[in-house]
file my_file_4.cif (mmCIF, C-alpha atoms)
data_structure
loop_
_atom_site.label_atom_id
_atom_site.label_comp_id
_atom_site.auth_asym_id
_atom_site.auth_seq_id
_atom_site.Cartn_x
_atom_site.Cartn_y
_atom_site.Cartn_z
CA MET W 1 0.00 0.00 0.00
CA HIS W 2 1.36 3.41 -0.99
CA THR W 3 1.36 5.73 2.04
CA THR W 4 2.45 9.35 2.14
CA THR W 5 1.85 11.95 4.81
CA PHE W 6 -0.30 14.91 3.77
CA THR W 7 2.01 17.92 4.07
CA SER W 8 0.95 21.55 4.32
CA SER W 9 1.95 22.11 0.71
CA SER W 10 0.05 19.11 -0.60
CA ILE W 11 -3.19 20.08 1.13
CA SER W 12 -3.09 23.76 0.26
CA PHE W 13 -5.31 23.22 -2.74
CA VAL W 14 -7.99 21.59 -0.59
CA LEU W 15 -8.68 24.98 0.94
CA ARG W 16 -9.58 26.40 -2.48
CA THR W 17 -12.79 24.45 -2.75
CA VAL W 18 -13.61 23.13 0.68
CA HIS W 19 -15.89 25.78 1.13
CA ARG W 20 -17.48 27.08 4.23
CA HIS W 21 -20.91 28.04 10.30
CA ARG W 22 -29.89 27.93 19.20
CA LEU W 23 -32.21 25.37 18.71
CA GLU W 24 -35.33 26.79 20.42
CA ARG W 25 -38.30 26.09 18.13
CA CYS W 26 -41.43 24.44 19.47
CA ALA W 27 -40.84 20.68 19.63
CA ILE W 28 -44.16 19.85 17.99
CA THR W 29 -43.56 22.21 15.06
CA ALA W 30 -40.05 20.86 14.49
CA ALA W 31 -41.22 17.26 14.69
CA VAL W 32 -43.92 17.85 12.09
CA ALA W 33 -41.52 19.64 9.75
CA LEU W 34 -38.80 17.01 10.07
CA ALA W 35 -41.35 14.31 9.39
CA ALA W 36 -41.61 15.75 5.88
CA LEU W 37 -38.07 14.57 5.17
CA PRO W 38 -37.94 11.26 3.26
CA ALA W 39 -37.72 8.25 5.55
CA ALA W 40 -34.20 7.01 6.28
CA PHE W 41 -32.71 4.13 8.24
CA ALA W 42 -32.63 4.90 11.96
CA GLN W 43 -28.91 4.27 12.39
CA PRO W 44 -26.91 3.21 9.34
CA SER W 45 -23.41 1.78 9.40
CA TYR W 46 -20.59 2.39 6.92
CA PHE W 47 -17.51 0.60 5.72
CA VAL W 48 -14.51 2.49 4.38
CA THR W 49 -12.73 1.95 1.07
CA GLU W 50 -9.52 3.82 0.37
CA LEU W 51 -9.23 5.32 -3.11
CA PRO W 52 -5.97 4.51 -4.89
CA ILE W 53 -3.47 7.28 -5.55
CA PRO W 54 -2.19 7.51 -9.15
CA ALA W 55 1.30 6.11 -9.61
CA GLY W 56 3.95 8.67 -8.82
CA TYR W 57 1.61 10.95 -6.90
CA GLU W 58 1.56 11.59 -3.16
CA SER W 59 -2.06 12.24 -2.24
CA SER W 60 -5.58 12.74 -3.56
CA VAL W 61 -8.71 14.66 -2.61
CA PRO W 62 -12.23 13.63 -3.75
CA TYR W 63 -14.82 16.29 -4.54
CA GLN W 64 -17.87 14.41 -5.81
CA ILE W 65 -19.36 10.93 -6.05
CA ASN W 66 -22.24 10.39 -8.47
CA ASP W 67 -25.04 7.82 -8.31
CA GLN W 68 -22.97 5.36 -10.36
CA GLY W 69 -20.18 5.48 -7.77
CA PHE W 70 -17.81 7.41 -10.04
CA VAL W 71 -15.58 9.78 -8.07
CA VAL W 72 -13.76 12.92 -9.22
CA GLY W 73 -11.21 15.12 -7.52
CA ALA W 74 -7.51 15.88 -7.81
CA SER W 75 -4.14 14.29 -7.06
CA THR W 76 -0.88 15.99 -6.11
CA ARG W 77 2.85 15.47 -6.05
CA GLY W 78 4.78 18.38 -4.67
CA SER W 79 3.17 21.50 -6.14
CA ASP W 80 1.74 19.61 -9.11
CA GLN W 81 -2.04 19.11 -8.97
CA VAL W 82 -4.03 17.20 -11.62
CA ALA W 83 -7.73 16.40 -12.00
CA THR W 84 -8.47 12.73 -11.34
CA VAL W 85 -11.37 10.34 -11.87
CA TRP W 86 -11.91 7.01 -10.11
CA LYS W 87 -13.99 4.26 -11.72
CA ALA W 88 -14.20 0.64 -10.59
CA GLY W 89 -11.32 1.16 -8.17
CA THR W 90 -8.96 2.59 -10.79
CA ALA W 91 -7.59 6.15 -10.79
CA ARG W 92 -7.03 8.06 -14.03
CA LEU W 93 -5.42 11.47 -14.45
CA LEU W 94 -7.28 13.89 -16.75
CA GLY W 95 -4.48 16.30 -17.59
CA LYS W 96 -4.53 20.09 -17.70
CA LEU W 97 -5.52 22.86 -20.05
CA LYS W 98 -2.83 24.01 -22.51
CA ASP W 99 -0.05 25.76 -20.55
CA GLY W 100 -1.94 25.08 -17.33
CA THR W 101 -0.28 24.72 -13.93
CA TYR W 102 -3.13 22.84 -12.21
CA SER W 103 -6.53 21.22 -12.72
CA ILE W 104 -9.34 20.00 -10.43
CA ALA W 105 -12.35 17.82 -11.33
CA ASN W 106 -15.47 18.99 -9.48
CA ALA W 107 -18.39 17.05 -11.00
CA ILE W 108 -19.26 14.01 -13.12
CA ASN W 109 -22.56 12.92 -14.64
CA ALA W 110 -23.95 9.44 -15.27
CA SER W 111 -22.39 9.36 -18.74
CA GLY W 112 -18.95 10.04 -17.31
CA ILE W 113 -18.65 13.59 -18.65
CA ILE W 114 -16.61 15.62 -16.18
CA ALA W 115 -16.49 19.35 -15.40
CA GLY W 116 -13.85 21.16 -13.43
CA GLU W 117 -11.50 24.08 -13.18
CA GLY W 118 -7.91 24.83 -14.05
CA ASP W 119 -5.74 27.60 -15.39
CA ASP W 120 -3.95 28.24 -18.66
CA GLY W 121 -0.76 29.52 -17.06
CA ASP W 122 -1.77 32.49 -14.93
CA GLY W 123 -3.26 30.64 -11.95
CA ARG W 124 -6.79 31.94 -12.55
CA PRO W 125 -9.43 29.17 -12.61
CA LEU W 126 -11.14 28.58 -15.94
CA GLY W 127 -14.04 26.21 -16.50
CA TRP W 128 -13.36 23.02 -18.44
CA VAL W 129 -15.28 19.95 -19.59
CA THR W 130 -14.08 16.61 -20.92
CA SER W 131 -14.34 16.17 -24.67
CA GLY W 132 -13.10 12.84 -25.93
CA SER W 133 -9.79 12.13 -24.22
CA GLN W 134 -8.97 15.74 -23.34
CA ILE W 135 -10.26 18.61 -21.23
CA VAL W 136 -11.25 21.86 -22.99
CA ASN W 137 -12.08 25.35 -21.76
CA PHE W 138 -15.75 26.10 -22.45
CA PHE W 139 -15.81 29.74 -21.23
CA SER W 140 -12.76 31.94 -21.69
CA ASN W 141 -13.65 34.61 -19.08
CA ASN W 142 -10.42 36.48 -19.75
CA GLY W 143 -9.10 38.07 -16.55
CA GLY W 144 -11.82 36.48 -14.41
CA ASN W 145 -12.44 33.32 -12.43
CA THR W 146 -14.85 30.47 -13.20
CA ARG W 147 -15.84 27.58 -10.93
CA PRO W 148 -18.00 24.79 -12.42
CA ILE W 149 -19.55 22.71 -9.62
CA SER W 150 -22.13 20.50 -11.33
CA ILE W 151 -22.95 18.80 -14.62
CA ASN W 152 -26.32 17.20 -15.27
CA GLU W 153 -27.26 14.28 -17.50
CA ALA W 154 -27.74 16.62 -20.49
CA GLY W 155 -24.21 17.93 -20.02
CA VAL W 156 -25.36 21.36 -18.77
CA ILE W 157 -22.90 22.86 -16.30
CA GLY W 158 -23.75 24.92 -13.22
CA GLY W 159 -21.39 27.08 -11.22
CA TYR W 160 -20.35 30.66 -10.59
CA TYR W 161 -17.90 33.18 -11.97
CA ILE W 162 -16.53 36.70 -11.69
CA LYS W 163 -15.36 38.79 -14.62
CA GLY W 164 -12.68 40.71 -12.73
CA PHE W 165 -11.84 42.41 -9.46
CA SER W 166 -14.18 45.32 -10.24
CA SER W 167 -17.24 43.06 -10.70
CA THR W 168 -19.26 40.81 -8.39
CA TRP W 169 -19.72 37.04 -8.27
CA ARG W 170 -22.64 35.57 -10.24
CA GLY W 171 -24.17 32.15 -10.43
CA ALA W 172 -24.51 30.81 -13.97
CA ILE W 173 -25.50 27.88 -16.16
CA TRP W 174 -23.56 26.94 -19.29
CA LYS W 175 -25.05 24.90 -22.14
CA ILE W 176 -22.17 23.28 -24.02
CA ASP W 177 -22.23 23.31 -27.81
CA ALA W 178 -22.95 19.77 -29.04
CA LYS W 179 -20.50 20.11 -31.94
CA ASP W 180 -17.68 21.98 -30.21
CA ALA W 181 -17.24 21.72 -26.45
CA ARG W 182 -15.03 24.80 -26.52
CA LYS W 183 -18.19 26.85 -27.08
CA SER W 184 -21.04 27.42 -24.67
CA THR W 185 -24.09 29.57 -24.04
CA LYS W 186 -24.10 31.20 -20.61
CA THR W 187 -27.21 32.08 -18.63
CA ASP W 188 -26.67 34.27 -15.58
CA LEU W 189 -28.77 33.45 -12.54
CA PRO W 190 -30.75 36.39 -11.16
CA ILE W 191 -29.74 38.34 -8.08
CA LEU W 192 -31.80 40.07 -5.39
CA PRO W 193 -31.12 43.69 -6.41
CA GLY W 194 -32.07 45.55 -3.20
CA ASN W 195 -31.52 49.31 -3.31
CA ASP W 196 -28.17 49.08 -5.06
CA PRO W 197 -28.24 46.49 -7.87
CA LEU W 198 -24.70 47.30 -8.99
CA ASN W 199 -23.27 46.07 -5.70
CA ALA W 200 -25.66 43.16 -5.15
CA SER W 201 -24.29 39.66 -5.69
CA ALA W 202 -25.40 36.05 -5.56
CA ILE W 203 -23.47 32.79 -5.71
CA SER W 204 -24.92 29.35 -6.45
CA PHE W 205 -22.97 26.79 -4.43
CA ALA W 206 -24.95 23.72 -5.54
CA PHE W 207 -27.21 22.46 -8.33
CA ASN W 208 -29.43 19.41 -8.58
CA LYS W 209 -30.13 17.30 -11.65
CA SER W 210 -33.03 19.52 -12.76
CA LEU W 211 -30.86 22.65 -12.47
CA GLU W 212 -32.47 24.06 -9.36
CA ALA W 213 -29.74 25.81 -7.40
CA ALA W 214 -28.89 26.97 -3.89
CA GLY W 215 -26.39 29.40 -2.40
CA TRP W 216 -26.61 32.92 -1.05
CA ALA W 217 -27.60 36.41 -2.15
CA SER W 218 -26.37 39.69 -0.75
CA ASN W 219 -27.59 43.25 -1.03
CA SER W 220 -27.89 46.45 1.01
CA GLN W 221 -31.35 45.55 2.33
CA ILE W 222 -31.03 41.96 3.50
CA GLY W 223 -27.31 41.63 4.10
CA GLN W 224 -26.67 37.96 3.27
CA HIS W 225 -29.45 35.38 2.98
CA ALA W 226 -29.65 31.82 1.74
CA ALA W 227 -31.11 31.71 -1.77
CA PHE W 228 -32.84 29.17 -4.00
CA TRP W 229 -33.16 29.34 -7.77
CA LYS W 230 -36.08 27.62 -9.49
CA ASN W 231 -35.66 25.74 -12.76
CA ASP W 232 -38.31 27.77 -14.59
CA ALA W 233 -37.46 29.72 -17.71
CA ALA W 234 -36.44 32.78 -15.68
CA HIS W 235 -34.49 30.76 -13.06
CA THR W 236 -36.49 32.74 -10.49
CA ILE W 237 -34.57 33.49 -7.29
CA VAL W 238 -36.20 32.96 -3.88
CA ASP W 239 -34.95 34.60 -0.70
CA LEU W 240 -34.97 31.72 1.82
CA GLY W 241 -34.55 34.13 4.71
CA VAL W 242 -33.22 33.14 8.12
CA TYR W 243 -34.36 30.82 10.89
CA ASP W 244 -36.36 32.58 13.60
CA ALA W 245 -34.83 36.06 14.16
CA ASP W 246 -31.28 35.23 13.06
CA TRP W 247 -29.04 37.77 11.37
CA SER W 248 -27.91 35.98 8.21
CA SER W 249 -27.91 32.61 6.45
CA VAL W 250 -26.18 30.57 3.74
CA ALA W 251 -27.37 27.59 1.70
CA ASN W 252 -24.69 24.98 1.03
CA SER W 253 -26.45 22.20 -0.87
CA LEU W 254 -29.76 20.85 -2.14
CA ASN W 255 -31.17 17.52 -3.27
CA ASP W 256 -33.14 16.49 -6.34
CA LEU W 257 -36.40 17.13 -4.45
CA GLY W 258 -35.54 20.78 -3.91
CA GLN W 259 -34.79 20.54 -0.19
CA VAL W 260 -31.98 22.90 0.79
CA VAL W 261 -29.50 22.69 3.67
CA GLY W 262 -27.15 25.25 5.13
CA GLU W 263 -26.75 27.39 8.19
CA SER W 264 -28.49 30.32 9.88
CA HIS W 265 -26.61 32.77 12.06
CA PRO W 266 -27.84 34.23 15.32
CA PRO W 267 -25.41 36.67 17.01
CA PHE W 268 -22.04 34.91 17.41
CA GLY W 269 -23.60 31.64 16.31
CA SER W 270 -24.35 29.17 13.54
CA ARG W 271 -27.01 26.49 13.47
CA PRO W 272 -27.68 23.77 10.88
CA VAL W 273 -30.90 24.32 8.95
CA VAL W 274 -32.97 22.54 6.31
CA TRP W 275 -35.34 24.56 4.15
CA GLN W 276 -38.21 22.33 3.06
CA ASN W 277 -39.53 22.09 -0.49
CA ASP W 278 -43.01 23.35 0.42
CA ALA W 279 -44.32 26.58 -1.09
CA ALA W 280 -43.03 28.60 1.87
CA HIS W 281 -39.60 26.91 1.92
CA THR W 282 -40.09 26.40 5.65
CA ALA W 283 -36.85 26.57 7.65
CA VAL W 284 -36.28 23.86 10.27
CA ALA W 285 -33.34 23.93 12.68
CA LEU W 286 -31.55 20.59 13.02
CA PRO W 287 -30.36 19.35 16.42
CA PHE W 288 -26.72 19.64 17.44
CA LEU W 289 -24.75 16.71 18.76
CA PRO W 290 -25.11 16.45 22.55
CA GLY W 291 -23.17 19.20 24.29
CA ASP W 292 -22.66 21.27 21.13
CA ASN W 293 -24.14 24.67 20.25
CA TYR W 294 -22.63 25.56 16.87
CA GLY W 295 -22.76 23.87 13.49
CA SER W 296 -23.71 23.69 9.82
CA ALA W 297 -25.50 21.38 7.39
CA GLN W 298 -23.36 20.90 4.29
CA LEU W 299 -24.88 18.12 2.14
CA ILE W 300 -28.24 16.40 1.54
CA ASN W 301 -29.29 13.54 -0.74
CA SER W 302 -32.72 12.61 -2.04
CA SER W 303 -33.30 10.15 0.81
CA GLY W 304 -33.09 13.07 3.23
CA THR W 305 -29.73 12.07 4.71
CA ILE W 306 -27.94 15.25 5.76
CA ILE W 307 -24.22 15.67 6.46
CA GLY W 308 -22.57 18.52 8.31
CA TRP W 309 -20.62 19.35 11.41
CA SER W 310 -21.17 20.32 15.03
CA ALA W 311 -18.97 22.03 17.64
CA VAL W 312 -18.91 23.97 20.90
CA SER W 313 -18.56 27.74 20.84
CA GLU W 314 -17.92 30.16 23.68
CA PRO W 315 -21.11 32.26 24.06
CA GLY W 316 -20.72 35.88 22.99
CA THR W 317 -17.49 35.21 21.11
CA TRP W 318 -16.35 33.72 17.82
CA ASN W 319 -14.26 31.13 19.65
CA VAL W 320 -15.31 27.77 18.24
CA GLY W 321 -13.79 24.48 19.33
CA PRO W 322 -12.95 21.41 17.23
CA SER W 323 -15.81 20.15 15.08
CA ARG W 324 -17.29 16.68 14.67
CA GLN W 325 -18.78 15.30 11.47
CA VAL W 326 -22.55 14.78 11.81
CA MET W 327 -25.17 12.73 9.99
CA TRP W 328 -28.82 13.63 10.41
CA SER W 329 -31.10 10.70 9.60
CA GLY W 330 -34.83 11.09 10.18
CA GLY W 331 -34.09 14.32 12.03
CA VAL W 332 -31.79 12.59 14.55
CA ALA W 333 -28.15 13.71 14.85
CA TYR W 334 -25.46 11.00 14.87
CA GLU W 335 -21.74 11.52 15.12
CA LEU W 336 -20.57 10.04 11.83
CA GLN W 337 -17.46 8.53 13.37
CA SER W 338 -19.67 6.35 15.60
CA LEU W 339 -21.39 4.85 12.55
CA LEU W 340 -18.26 3.25 11.06
CA ALA W 341 -18.28 -0.53 10.87
CA SER W 342 -15.77 -2.55 12.88
CA SER W 343 -13.83 -3.16 9.66
CA ALA W 344 -13.12 0.59 9.55
CA ALA W 345 -11.28 0.58 12.88
CA GLY W 346 -8.35 2.99 12.81
CA TRP W 347 -9.96 5.46 10.38
CA THR W 348 -10.94 8.96 11.53
CA ILE W 349 -13.32 10.85 9.22
CA ASN W 350 -12.06 14.40 8.81
CA ASN W 351 -14.37 15.93 6.22
CA VAL W 352 -17.17 14.55 4.03
CA MET W 353 -17.03 16.12 0.58
CA SER W 354 -20.04 14.62 -1.24
CA ILE W 355 -22.96 12.19 -0.81
CA ASN W 356 -24.90 10.47 -3.59
CA ASN W 357 -28.51 9.28 -3.66
CA LEU W 358 -27.47 5.74 -2.67
CA GLY W 359 -25.96 7.05 0.56
CA GLN W 360 -22.33 6.61 -0.53
CA MET W 361 -20.00 9.40 0.54
CA VAL W 362 -16.50 10.50 -0.35
CA ALA W 363 -14.38 11.98 2.38
CA LEU W 364 -10.95 12.82 3.64
CA ALA W 365 -10.01 10.43 6.45
CA THR W 366 -6.92 9.76 8.52
CA ARG W 367 -5.34 6.47 9.52
CA SER W 368 -1.99 6.12 11.26
CA GLY W 369 -1.45 9.86 10.86
CA VAL W 370 -1.89 9.75 7.07
CA MET W 371 -4.78 11.54 5.35
CA ARG W 372 -6.45 9.70 2.48
CA ALA W 373 -9.36 9.95 0.06
CA VAL W 374 -11.98 7.33 0.94
CA VAL W 375 -15.47 6.15 0.04
CA LEU W 376 -17.97 5.48 2.83
CA SER W 377 -20.55 2.90 1.74
CA PRO W 378 -23.64 1.93 3.77
CA LEU W 379 -23.87 -1.67 4.93
#

call {"tool": "encode", "arguments": {"input": "my_file_4.cif", "output": "structure tokens"}}
result
Amino acid sequence: MHTTTFTSSSISFVLRTVHRHRLERCAITAAVALAALPAAFAQPSYFVTELPIPAGYESSVPYQINDQGFVVGASTRGSDQVATVWKAGTARLLGKLKDGTYSIANAINASGIIAGEGDDGDGRPLGWVTSGSQIVNFFSNNGGNTRPISINEAGVIGGYYIKGFSSTWRGAIWKIDAKDARKSTKTDLPILPGNDPLNASAISFAFNKSLEAAGWASNSQIGQHAAFWKNDAAHTIVDLGVYDADWSSVANSLNDLGQVVGESHPPFGSRPVVWQNDAAHTAVALPFLPGDNYGSAQLINSSGTIIGWSAVSEPGTWNVGPSRQVMWSGGVAYELQSLLASSAAGWTINNVMSINNLGQMVALATRSGVMRAVVLSPL
């Protein structure tokens, strides 16, 4: 088995895309709302499979697992970082754009078409998609930054971009030209303009298969609120608001049913929240792990399984202690580490990156002091 310690230089790229922080609602109301989540097993158990590292490379990070079990991410050796795909237990490097210094694979659809980001020599991320045996830039965005984060079964890419330092971030959808993948048609997602549309912004952090999206919107009236974009012709934006009387909120993910998860922020706090797919997009606060008072919901699949983290914060300060990975199943919070099968003894789950609709997850995990890319599969 090839083992290499994750050094500070080899994990620096993880920080580029590992994005992203009072439970006092009436118990009856919360119970009714949580009951609307799809039924899930009361307490699942998971075994761990380590993903192989490409020959000659030192480490890998997974970013997404699709419903076919295909995984995409990136592998590194020294300062070199290359997009990687894993299928049937085999790792394959995808290369870089012409003159590029790095590449990362962020999403893969059922047909195996992959979308990601990488530069063409200047370090600025450009969006790319696989075309045949190579990756090609589908949106030049000269002088800007582009981050593709999803690709659906029709090959339509969702993500966000910025044109330059003088502009603001925007969510967008790109339809790739069927004859030439280097060409695309971009549709900007709407913002919430507020009183100053020129300084308003909105970023879509996640898309589902029907191109509904979730993220956050910011303007002079609301500050920052979680946002949801419909998949109608106008991609109508919905202000999801905050839980109770909180100050701000962020949406991190959504499932194919349109349920959204994220976090809502009371003063000096963060609580995990799910916004339901009813007409009102009802916000429900999720329970913390016992003893904790700070956390976030990061991922949700179509079975209603939610993944996030939970920690203890010092009231009235921003001092937050070490976090624990959490799974919410049927509205109950479980420490994910406690759900590992006996065969996974020795592994510590550090960060879950993605969950598919079968309940499989990809994560970074540590064993014997070495951090690895792994798949967590339900028993």

call {"tool": "closest_residue", "arguments": {"input": "my_file_4.cif", "among": "W:Gln43, W:Ser201, W:Asn66, W:Thr130", "to": "Val375 of chain W", "atoms": "only C-alpha atoms"}}
result
W:Asn66

call {"tool": "resolve_selection", "arguments": {"input": "my_file_4.cif", "expression": "the PyMOL selection byres ((chain W and resi 354) around 12)", "output": "ChimeraX atom specification"}}
result
/W:18,61-67,69-73,106-108,149-150,206,252-255,298-301,305-308,351-353,355-364,373-376

call {"tool": "resolve_selection", "arguments": {"input": "my_file_4.cif", "expression": "the PyMOL selection byres ((chain W and resi 218) around 8)", "output": "list in words"}}
result
Leu192, Ala200, Ser201, Ala202, Trp216, Ala217, Asn219, Ser220, Ile222, Gly223, Gln224 and His225 of chain W

call {"tool": "residues_around", "arguments": {"input": "my_file_4.cif", "residues": "Asp292 of chain W", "least_positions_apart": "5", "cutoff": "8 Å", "atoms": "only C-alpha atoms", "output": "list in words"}}
result
Ser310, Ala311, Val312 and Ser313 of chain W

call {"tool": "atom_distance", "arguments": {"input": "my_file_4.cif", "atom1": "atom CA of Leu379 of chain W", "atom2": "atom CA of Ala341 of chain W"}}
result
8.2 Å

call {"tool": "residues_around", "arguments": {"input": "my_file_4.cif", "residues": "Ala333 of chain W", "least_positions_apart": "3", "cutoff": "8 Å", "atoms": "all atoms listed in the file", "output": "PyMOL selection string"}}
result
chain W and resi 286-289+326-329

call {"tool": "atom_distance", "arguments": {"input": "my_file_4.cif", "atom1": "atom CA of Ala280 of chain W", "atom2": "atom CA of Ser302 of chain W"}}
result
19.4 Å

call {"tool": "atom_distance", "arguments": {"input": "my_file_4.cif", "atom1": "atom CA of Phe165 of chain W", "atom2": "atom CA of Leu97 of chain W"}}
result
23.1 Å

call {"tool": "resolve_selection", "arguments": {"input": "my_file_4.cif", "expression": "the PyMOL selection byres ((chain W and resi 285) around 7)", "output": "list of chain:residue names"}}
result
W:Leu23, W:Arg271, W:Pro272, W:Val273, W:Val274, W:Ala283, W:Val284, W:Leu286, W:Pro287

call {"tool": "build_atoms", "arguments": {"input": "my_file_4.cif", "residues": "segment 291-299 of chain W", "atoms": "all heavy atoms", "output": "compact mmCIF listing (two decimals), in the frame of the given file"}}
result
# COMPACT_ATOMS: atom_id res chain seq x y z
N GLY W 291 -24.21 18.35 23.74
CA GLY W 291 -23.17 19.20 24.29
C GLY W 291 -22.71 20.31 23.37
O GLY W 291 -22.00 21.22 23.80
N ASP W 292 -23.11 20.26 22.09
CA ASP W 292 -22.66 21.27 21.13
C ASP W 292 -23.69 22.39 20.99
O ASP W 292 -24.87 22.22 21.32
CB ASP W 292 -22.40 20.62 19.76
CG ASP W 292 -21.16 19.75 19.74
OD1 ASP W 292 -20.42 19.76 20.74
OD2 ASP W 292 -20.94 19.05 18.73
N ASN W 293 -23.25 23.53 20.44
CA ASN W 293 -24.14 24.67 20.25
C ASN W 293 -23.84 25.45 18.99
O ASN W 293 -24.28 26.59 18.83
CB ASN W 293 -24.06 25.61 21.47
CG ASN W 293 -22.67 26.20 21.68
OD1 ASN W 293 -21.72 25.86 20.96
ND2 ASN W 293 -22.54 27.07 22.68
N TYR W 294 -23.08 24.85 18.07
CA TYR W 294 -22.63 25.56 16.87
C TYR W 294 -22.46 24.54 15.76
O TYR W 294 -21.92 23.45 16.00
CB TYR W 294 -21.28 26.24 17.17
CG TYR W 294 -20.85 27.33 16.23
CD1 TYR W 294 -21.00 28.66 16.58
CD2 TYR W 294 -20.25 27.04 15.01
CE1 TYR W 294 -20.57 29.69 15.74
CE2 TYR W 294 -19.83 28.05 14.16
CZ TYR W 294 -19.99 29.38 14.54
OH TYR W 294 -19.57 30.40 13.71
N GLY W 295 -22.92 24.86 14.54
CA GLY W 295 -22.76 23.87 13.49
C GLY W 295 -23.31 24.32 12.15
O GLY W 295 -23.80 25.45 11.99
N SER W 296 -23.28 23.41 11.19
CA SER W 296 -23.71 23.69 9.82
C SER W 296 -24.11 22.41 9.13
O SER W 296 -23.52 21.35 9.37
CB SER W 296 -22.56 24.35 9.04
OG SER W 296 -22.90 24.54 7.68
N ALA W 297 -25.12 22.49 8.28
CA ALA W 297 -25.50 21.38 7.39
C ALA W 297 -24.89 21.65 6.03
O ALA W 297 -25.10 22.72 5.46
CB ALA W 297 -27.01 21.25 7.30
N GLN W 298 -24.14 20.68 5.50
CA GLN W 298 -23.36 20.90 4.29
C GLN W 298 -23.88 20.16 3.06
O GLN W 298 -23.72 20.63 1.94
CB GLN W 298 -21.91 20.45 4.54
CG GLN W 298 -21.19 21.25 5.62
CD GLN W 298 -20.77 22.62 5.15
OE1 GLN W 298 -20.16 22.75 4.09
NE2 GLN W 298 -21.11 23.64 5.91
N LEU W 299 -24.49 18.98 3.25
CA LEU W 299 -24.88 18.12 2.14
C LEU W 299 -26.22 17.47 2.43
O LEU W 299 -26.55 17.22 3.59
CB LEU W 299 -23.83 17.02 1.91
CG LEU W 299 -22.39 17.45 1.68
CD1 LEU W 299 -21.45 16.26 1.86
CD2 LEU W 299 -22.22 18.05 0.29
